[in-house]
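Source file data_28.pdb; content: PDB, N, CA and C atoms and all ligand atoms.
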```pdb
ATOM      1  N   MET O 274      40.097  -7.048  42.847
ATOM      2  CA  MET O 274      38.790  -7.409  43.375
ATOM      3  C   MET O 274      38.133  -8.462  42.475
ATOM      4  N   LYS O 275      37.593  -9.479  43.127
ATOM      5  CA  LYS O 275      36.935 -10.529  42.357
ATOM      6  C   LYS O 275      35.584 -10.818  42.998
ATOM      7  N   VAL O 276      34.583 -11.024  42.157
ATOM      8  CA  VAL O 276      33.254 -11.362  42.660
ATOM      9  C   VAL O 276      32.922 -12.783  42.218
ATOM     10  N   THR O 277      32.520 -13.608  43.163
ATOM     11  CA  THR O 277      32.117 -14.961  42.804
ATOM     12  C   THR O 277      30.607 -15.106  42.979
ATOM     13  N   TRP O 278      30.066 -16.041  42.244
ATOM     14  CA  TRP O 278      28.614 -16.240  42.217
ATOM     15  C   TRP O 278      28.305 -17.696  42.507
ATOM     16  N   ASP O 279      27.425 -17.910  43.467
ATOM     17  CA  ASP O 279      27.010 -19.266  43.813
ATOM     18  C   ASP O 279      25.656 -19.544  43.161
ATOM     19  N   GLN O 280      25.712 -20.307  42.111
ATOM     20  CA  GLN O 280      24.526 -20.595  41.303
ATOM     21  C   GLN O 280      23.410 -21.237  42.130
ATOM     22  N   ASN O 281      23.799 -22.073  43.082
ATOM     23  CA  ASN O 281      22.795 -22.799  43.866
ATOM     24  C   ASN O 281      22.109 -21.913  44.896
ATOM     25  N   THR O 282      22.757 -20.809  45.239
ATOM     26  CA  THR O 282      22.188 -19.895  46.230
ATOM     27  C   THR O 282      21.352 -18.806  45.571
ATOM     28  N   CYS O 283      21.698 -18.443  44.350
ATOM     29  CA  CYS O 283      21.038 -17.359  43.634
ATOM     30  C   CYS O 283      19.541 -17.613  43.503
ATOM     31  N   SER O 284      18.759 -16.584  43.840
ATOM     32  CA  SER O 284      17.304 -16.710  43.727
ATOM     33  C   SER O 284      16.783 -16.035  42.463
ATOM     34  N   HIS O 285      17.702 -15.603  41.611
ATOM     35  CA  HIS O 285      17.369 -14.991  40.320
ATOM     36  C   HIS O 285      16.465 -13.774  40.477
ATOM     37  N   ALA O 286      16.724 -13.016  41.518
ATOM     38  CA  ALA O 286      15.953 -11.800  41.749
ATOM     39  C   ALA O 286      16.343 -10.703  40.758
ATOM     40  N   GLY O 287      17.533 -10.812  40.179
ATOM     41  CA  GLY O 287      17.948  -9.876  39.146
ATOM     42  C   GLY O 287      18.467  -8.538  39.644
ATOM     43  N   LYS O 288      18.653  -8.406  40.936
ATOM     44  CA  LYS O 288      19.134  -7.121  41.480
ATOM     45  C   LYS O 288      20.506  -6.759  40.931
ATOM     46  N   CYS O 289      21.334  -7.737  40.759
ATOM     47  CA  CYS O 289      22.691  -7.457  40.287
ATOM     48  C   CYS O 289      22.669  -6.955  38.843
ATOM     49  N   VAL O 290      21.884  -7.602  38.012
ATOM     50  CA  VAL O 290      21.814  -7.234  36.599
ATOM     51  C   VAL O 290      21.205  -5.844  36.432
ATOM     52  N   GLN O 291      20.231  -5.521  37.286
ATOM     53  CA  GLN O 291      19.611  -4.196  37.231
ATOM     54  C   GLN O 291      20.535  -3.129  37.805
ATOM     55  N   GLY O 292      21.227  -3.476  38.880
ATOM     56  CA  GLY O 292      22.054  -2.488  39.583
ATOM     57  C   GLY O 292      23.325  -2.138  38.842
ATOM     58  N   SER O 293      23.985  -3.124  38.271
ATOM     59  CA  SER O 293      25.230  -2.899  37.525
ATOM     60  C   SER O 293      25.223  -3.741  36.258
ATOM     61  N   PRO O 294      24.453  -3.274  35.270
ATOM     62  CA  PRO O 294      24.309  -4.074  34.043
ATOM     63  C   PRO O 294      25.596  -4.241  33.250
ATOM     64  N   SER O 295      26.579  -3.368  33.487
ATOM     65  CA  SER O 295      27.840  -3.517  32.759
ATOM     66  C   SER O 295      28.777  -4.510  33.446
ATOM     67  N   VAL O 296      28.387  -4.964  34.622
ATOM     68  CA  VAL O 296      29.218  -5.927  35.366
ATOM     69  C   VAL O 296      28.571  -7.312  35.370
ATOM     70  N   PHE O 297      27.273  -7.334  35.737
ATOM     71  CA  PHE O 297      26.560  -8.610  35.840
ATOM     72  C   PHE O 297      25.696  -8.769  34.592
ATOM     73  N   LYS O 298      26.046  -9.748  33.783
ATOM     74  CA  LYS O 298      25.399  -9.883  32.476
ATOM     75  C   LYS O 298      25.084 -11.339  32.173
ATOM     76  N   VAL O 299      24.144 -11.508  31.288
ATOM     77  CA  VAL O 299      23.888 -12.844  30.746
ATOM     78  C   VAL O 299      24.351 -12.829  29.296
ATOM     79  N   GLU O 300      25.326 -13.680  29.003
ATOM     80  CA  GLU O 300      25.856 -13.772  27.641
ATOM     81  C   GLU O 300      25.735 -15.208  27.167
ATOM     82  N   ASP O 301      25.084 -15.376  26.032
ATOM     83  CA  ASP O 301      24.864 -16.723  25.480
ATOM     84  C   ASP O 301      24.233 -17.647  26.516
ATOM     85  N   GLY O 302      23.324 -17.090  27.298
ATOM     86  CA  GLY O 302      22.608 -17.893  28.271
ATOM     87  C   GLY O 302      23.391 -18.185  29.540
ATOM     88  N   LYS O 303      24.612 -17.636  29.624
ATOM     89  CA  LYS O 303      25.422 -17.870  30.815
ATOM     90  C   LYS O 303      25.601 -16.582  31.591
ATOM     91  N   PHE O 304      25.554 -16.683  32.907
ATOM     92  CA  PHE O 304      25.759 -15.527  33.769
ATOM     93  C   PHE O 304      27.254 -15.245  33.862
ATOM     94  N   VAL O 305      27.641 -14.007  33.554
ATOM     95  CA  VAL O 305      29.055 -13.643  33.635
ATOM     96  C   VAL O 305      29.217 -12.398  34.503
ATOM     97  N   ILE O 306      30.374 -12.281  35.111
ATOM     98  CA  ILE O 306      30.693 -11.133  35.956
ATOM     99  C   ILE O 306      31.958 -10.485  35.420
ATOM    100  N   ASP O 307      31.831  -9.209  35.034
ATOM    101  CA  ASP O 307      32.976  -8.450  34.537
ATOM    102  C   ASP O 307      33.306  -7.363  35.559
ATOM    103  N   GLU O 308      34.284  -7.635  36.396
ATOM    104  CA  GLU O 308      34.629  -6.705  37.476
ATOM    105  C   GLU O 308      35.217  -5.394  36.964
ATOM    106  N   THR O 309      35.582  -5.345  35.686
ATOM    107  CA  THR O 309      36.140  -4.106  35.142
ATOM    108  C   THR O 309      35.041  -3.178  34.621
ATOM    109  N   GLY O 310      33.788  -3.633  34.699
ATOM    110  CA  GLY O 310      32.695  -2.892  34.070
ATOM    111  C   GLY O 310      32.177  -1.694  34.838
ATOM    112  N   ALA O 311      32.605  -1.533  36.096
ATOM    113  CA  ALA O 311      32.109  -0.415  36.897
ATOM    114  C   ALA O 311      33.092  -0.154  38.033
ATOM    115  N   PRO O 312      33.016   1.036  38.634
ATOM    116  CA  PRO O 312      33.895   1.325  39.773
ATOM    117  C   PRO O 312      33.637   0.345  40.923
ATOM    118  N   GLU O 313      34.700   0.062  41.663
ATOM    119  CA  GLU O 313      34.611  -0.912  42.760
ATOM    120  C   GLU O 313      33.503  -0.560  43.746
ATOM    121  N   GLU O 314      33.366   0.726  44.031
ATOM    122  CA  GLU O 314      32.348   1.181  44.977
ATOM    123  C   GLU O 314      30.949   0.772  44.520
ATOM    124  N   GLU O 315      30.699   0.958  43.224
ATOM    125  CA  GLU O 315      29.384   0.594  42.684
ATOM    126  C   GLU O 315      29.167  -0.912  42.777
ATOM    127  N   ILE O 316      30.191  -1.676  42.464
ATOM    128  CA  ILE O 316      30.057  -3.133  42.507
ATOM    129  C   ILE O 316      29.773  -3.593  43.928
ATOM    130  N   ARG O 317      30.483  -3.005  44.886
ATOM    131  CA  ARG O 317      30.239  -3.378  46.288
ATOM    132  C   ARG O 317      28.801  -3.058  46.686
ATOM    133  N   ASN O 318      28.319  -1.926  46.237
ATOM    134  CA  ASN O 318      26.955  -1.521  46.553
ATOM    135  C   ASN O 318      25.946  -2.501  45.945
ATOM    136  N   THR O 319      26.175  -2.857  44.699
ATOM    137  CA  THR O 319      25.259  -3.785  44.031
ATOM    138  C   THR O 319      25.288  -5.158  44.706
ATOM    139  N   VAL O 320      26.464  -5.621  45.047
ATOM    140  CA  VAL O 320      26.578  -6.923  45.713
ATOM    141  C   VAL O 320      25.811  -6.909  47.038
ATOM    142  N   SER O 321      25.849  -5.767  47.712
ATOM    143  CA  SER O 321      25.164  -5.689  49.010
ATOM    144  C   SER O 321      23.643  -5.747  48.861
ATOM    145  N   GLN O 322      23.148  -5.506  47.645
ATOM    146  CA  GLN O 322      21.706  -5.552  47.402
ATOM    147  C   GLN O 322      21.206  -6.946  47.066
ATOM    148  N   CYS O 323      22.108  -7.848  46.847
ATOM    149  CA  CYS O 323      21.697  -9.215  46.492
ATOM    150  C   CYS O 323      20.938  -9.831  47.661
ATOM    151  N   PRO O 324      19.692 -10.245  47.435
ATOM    152  CA  PRO O 324      18.871 -10.725  48.545
ATOM    153  C   PRO O 324      19.219 -12.141  49.013
ATOM    154  N   SER O 325      19.929 -12.884  48.179
ATOM    155  CA  SER O 325      20.161 -14.297  48.520
ATOM    156  C   SER O 325      21.537 -14.557  49.135
ATOM    157  N   GLY O 326      22.449 -13.611  48.957
ATOM    158  CA  GLY O 326      23.815 -13.846  49.427
ATOM    159  C   GLY O 326      24.630 -14.697  48.478
ATOM    160  N   ALA O 327      24.192 -14.760  47.228
ATOM    161  CA  ALA O 327      24.890 -15.599  46.238
ATOM    162  C   ALA O 327      26.194 -14.968  45.749
ATOM    163  N   LEU O 328      26.319 -13.661  45.940
ATOM    164  CA  LEU O 328      27.517 -12.961  45.455
ATOM    165  C   LEU O 328      28.477 -12.725  46.615
ATOM    166  N   THR O 329      29.741 -13.023  46.367
ATOM    167  CA  THR O 329      30.770 -12.844  47.392
ATOM    168  C   THR O 329      31.920 -12.048  46.802
ATOM    169  N   ILE O 330      32.383 -11.062  47.536
ATOM    170  CA  ILE O 330      33.531 -10.282  47.099
ATOM    171  C   ILE O 330      34.799 -10.864  47.721
ATOM    172  N   GLU O 331      35.754 -11.148  46.838
ATOM    173  CA  GLU O 331      37.076 -11.586  47.307
ATOM    174  C   GLU O 331      38.054 -10.501  46.914
ATOM    175  N   ASP O 332      38.769 -10.017  47.873
ATOM    176  CA  ASP O 332      39.720  -8.943  47.576
ATOM    177  C   ASP O 332      41.049  -9.501  47.080
TER     178      ASP O 332
HETATM  179  S1  LIG X   1      21.082 -10.243  42.854
HETATM  180 FE1  LIG X   1      21.772 -12.141  43.803
HETATM  181  S2  LIG X   1      19.973 -13.452  43.801
HETATM  182 FE2  LIG X   1      19.599 -11.800  42.353
HETATM  183  S3  LIG X   1      20.253 -12.634  40.381
HETATM  184 FE3  LIG X   1      21.981 -11.521  41.248
HETATM  185  S4  LIG X   1      23.148 -13.099  42.334
HETATM  186 FE4  LIG X   1      21.133 -13.933  41.982
END
```
In structure tokens, how does this file's structure come out?
Amino acid sequence: MKVTWDQNTCSHAGKCVQGSPSVFKVEDGKFVIDETGAPEEEIRNTVSQCPSGALTIED
């Protein structure tokens, strides 16, 4: 499972960082996604909460 992020679409609502902080993180000022940081089910749930549609799951 891979999650991609579209920087231009992101509205910086922060839902992903709040929902799965071990997956969606800001490191050294850069947004990173660690798909190993939480169970797939949780990641799918968090992605579904993104209000802008900036996150896409690729299986
Ligand atoms: S939840 Fe979506 S819109 Fe909000 S910061 Fe994350 S990717 Fe961006």
>> Once the PyMOL selection byres (((not hetatm)) within 5 of (chain X and resi 1)) is applied to the coordinates I shared, what remains selected? I want it as a ChimeraX atom specification.
In response: /O:283-289,323-325,327-328
> For this file, the PyMOL selection byres (((chain O and resi 290-302) around 8) and not hetatm) selects which residues, as a PyMOL selection string?
Replying inline: chain O and resi 286-289+303-311+315-316+318-320
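Atom CA of Pro312 of chain O lies 26.6 Å from atom C of Asn281 of chain O.
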>> Expand the PyMOL selection byres (((chain O and resi 277) around 7) and not hetatm) into the explicit residue set it covers here, and present it as a VMD selection string.
In response: chain O and resid 275 to 276 278 to 279 327 to 331
> Using the chain letters and numbers from this document, which residues of chain O does DSSP assign to strand (DSSP E or B), as a ChimeraX atom specification?
Replying inline: /O:275-278,297-300,303-306,328-331
Just the selected residues (N, CA and C atoms), exported as a PDB file, in the frame of the given file, please.
```pdb
ATOM      1  N   LYS O 275      37.593  -9.479  43.127  1.00  0.00           N
ATOM      2  CA  LYS O 275      36.935 -10.529  42.357  1.00  0.00           C
ATOM      3  C   LYS O 275      35.584 -10.818  42.998  1.00  0.00           C
ATOM      4  N   VAL O 276      34.583 -11.024  42.157  1.00  0.00           N
ATOM      5  CA  VAL O 276      33.254 -11.362  42.660  1.00  0.00           C
ATOM      6  C   VAL O 276      32.922 -12.783  42.218  1.00  0.00           C
ATOM      7  N   THR O 277      32.520 -13.608  43.163  1.00  0.00           N
ATOM      8  CA  THR O 277      32.117 -14.961  42.804  1.00  0.00           C
ATOM      9  C   THR O 277      30.607 -15.106  42.979  1.00  0.00           C
ATOM     10  N   TRP O 278      30.066 -16.041  42.244  1.00  0.00           N
ATOM     11  CA  TRP O 278      28.614 -16.240  42.217  1.00  0.00           C
ATOM     12  C   TRP O 278      28.305 -17.696  42.507  1.00  0.00           C
ATOM     13  N   PHE O 297      27.273  -7.334  35.737  1.00  0.00           N
ATOM     14  CA  PHE O 297      26.560  -8.610  35.840  1.00  0.00           C
ATOM     15  C   PHE O 297      25.696  -8.769  34.592  1.00  0.00           C
ATOM     16  N   LYS O 298      26.046  -9.748  33.783  1.00  0.00           N
ATOM     17  CA  LYS O 298      25.399  -9.883  32.476  1.00  0.00           C
ATOM     18  C   LYS O 298      25.084 -11.339  32.173  1.00  0.00           C
ATOM     19  N   VAL O 299      24.144 -11.508  31.288  1.00  0.00           N
ATOM     20  CA  VAL O 299      23.888 -12.844  30.746  1.00  0.00           C
ATOM     21  C   VAL O 299      24.351 -12.829  29.296  1.00  0.00           C
ATOM     22  N   GLU O 300      25.326 -13.680  29.003  1.00  0.00           N
ATOM     23  CA  GLU O 300      25.856 -13.772  27.641  1.00  0.00           C
ATOM     24  C   GLU O 300      25.735 -15.208  27.167  1.00  0.00           C
ATOM     25  N   LYS O 303      24.612 -17.636  29.624  1.00  0.00           N
ATOM     26  CA  LYS O 303      25.422 -17.870  30.815  1.00  0.00           C
ATOM     27  C   LYS O 303      25.601 -16.582  31.591  1.00  0.00           C
ATOM     28  N   PHE O 304      25.554 -16.683  32.907  1.00  0.00           N
ATOM     29  CA  PHE O 304      25.759 -15.527  33.769  1.00  0.00           C
ATOM     30  C   PHE O 304      27.254 -15.245  33.862  1.00  0.00           C
ATOM     31  N   VAL O 305      27.641 -14.007  33.554  1.00  0.00           N
ATOM     32  CA  VAL O 305      29.055 -13.643  33.635  1.00  0.00           C
ATOM     33  C   VAL O 305      29.217 -12.398  34.503  1.00  0.00           C
ATOM     34  N   ILE O 306      30.374 -12.281  35.111  1.00  0.00           N
ATOM     35  CA  ILE O 306      30.693 -11.133  35.956  1.00  0.00           C
ATOM     36  C   ILE O 306      31.958 -10.485  35.420  1.00  0.00           C
ATOM     37  N   LEU O 328      26.319 -13.661  45.940  1.00  0.00           N
ATOM     38  CA  LEU O 328      27.517 -12.961  45.455  1.00  0.00           C
ATOM     39  C   LEU O 328      28.477 -12.725  46.615  1.00  0.00           C
ATOM     40  N   THR O 329      29.741 -13.023  46.367  1.00  0.00           N
ATOM     41  CA  THR O 329      30.770 -12.844  47.392  1.00  0.00           C
ATOM     42  C   THR O 329      31.920 -12.048  46.802  1.00  0.00           C
ATOM     43  N   ILE O 330      32.383 -11.062  47.536  1.00  0.00           N
ATOM     44  CA  ILE O 330      33.531 -10.282  47.099  1.00  0.00           C
ATOM     45  C   ILE O 330      34.799 -10.864  47.721  1.00  0.00           C
ATOM     46  N   GLU O 331      35.754 -11.148  46.838  1.00  0.00           N
ATOM     47  CA  GLU O 331      37.076 -11.586  47.307  1.00  0.00           C
ATOM     48  C   GLU O 331      38.054 -10.501  46.914  1.00  0.00           C
TER      49      GLU O 331
END
```
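Note that the spacing between atom C of Met274 of chain O and atom C of Glu313 of chain O amounts to 9.2 Å.
Distance-wise, atom N of Gln280 of chain O and atom C of Gly326 of chain O end up 8.6 Å apart.
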Could you give me the centre and size, in Å to one decimal, of an axis-aligned box around all listed atoms of segment 288-306 of chain O with 8 Å added on every side, as JSON?
```
{"center_x": 25.3, "center_y": -10.2, "center_z": 33.5, "size_x": 29.3, "size_y": 32.0, "size_z": 32.0}
```
